[in-house]
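Report on one structure; see the data block that follows.
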Amino acid sequence: DIECPYHDSGAAIQNMLLAFHYYGLGACYVSDTGINCEQNREVLQLKDYEKITAFIWFGHSEVAPIAPARRNLDEIIEFK
């Protein structure tokens with residue numbers, strides 16, 4: 001019951017988001033249950049067997065995002 005195309009697209013999306021960040025671009029991954037609506041499919045001229053798994057909006061950010069504080073590994077992992 002595993003949908004391989006969804007796993008494959010997830011891996012590709014992760015790599016694209018990392019690449020956008022590397023090149024100094026901002027990116028936002030968007031996916032929801034209505035993403036394959038008729039309007040989106042018509043604009044993109046998709047065939048019946050093609051599915052949209054996500055949209056990625058990207059470009060130059062107006063403001064640089066602030067990275068969240070990171071915890072030390074000693075606070076998270078306990079070695080025994």
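Labels for the structure tokens follow display order: chains A, B, ..., residues from 1 in each chain, ligands from 1.
For Ile52 (chain A), the residues within 10 Å (counting only C-alpha atoms, excluding itself and residues fewer than 2 positions away along the chain) are Tyr6, Ser9, Ser31, Gly34, Ile35, Asn36, Cys37, Asn40, Arg41, Leu44, Leu46, Glu50, Ala54 and Phe55 of chain A.
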Check chain A with DSSP on the backbone and list each residue it calls helix (DSSP H, G or I), as number ranges by chain. A: 4-22, 38-43, 73-76
Just the residues within 12 Å of region 65-68 of chain A, please, counting only C-alpha atoms, with nothing from its chain fewer than 4 positions along; format it as a PyMOL selection string. chain A and resi 21+24-27+60-61
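The space between CA of Pro5 (chain A) and CA of Tyr49 (chain A) spans 12.3 Å.
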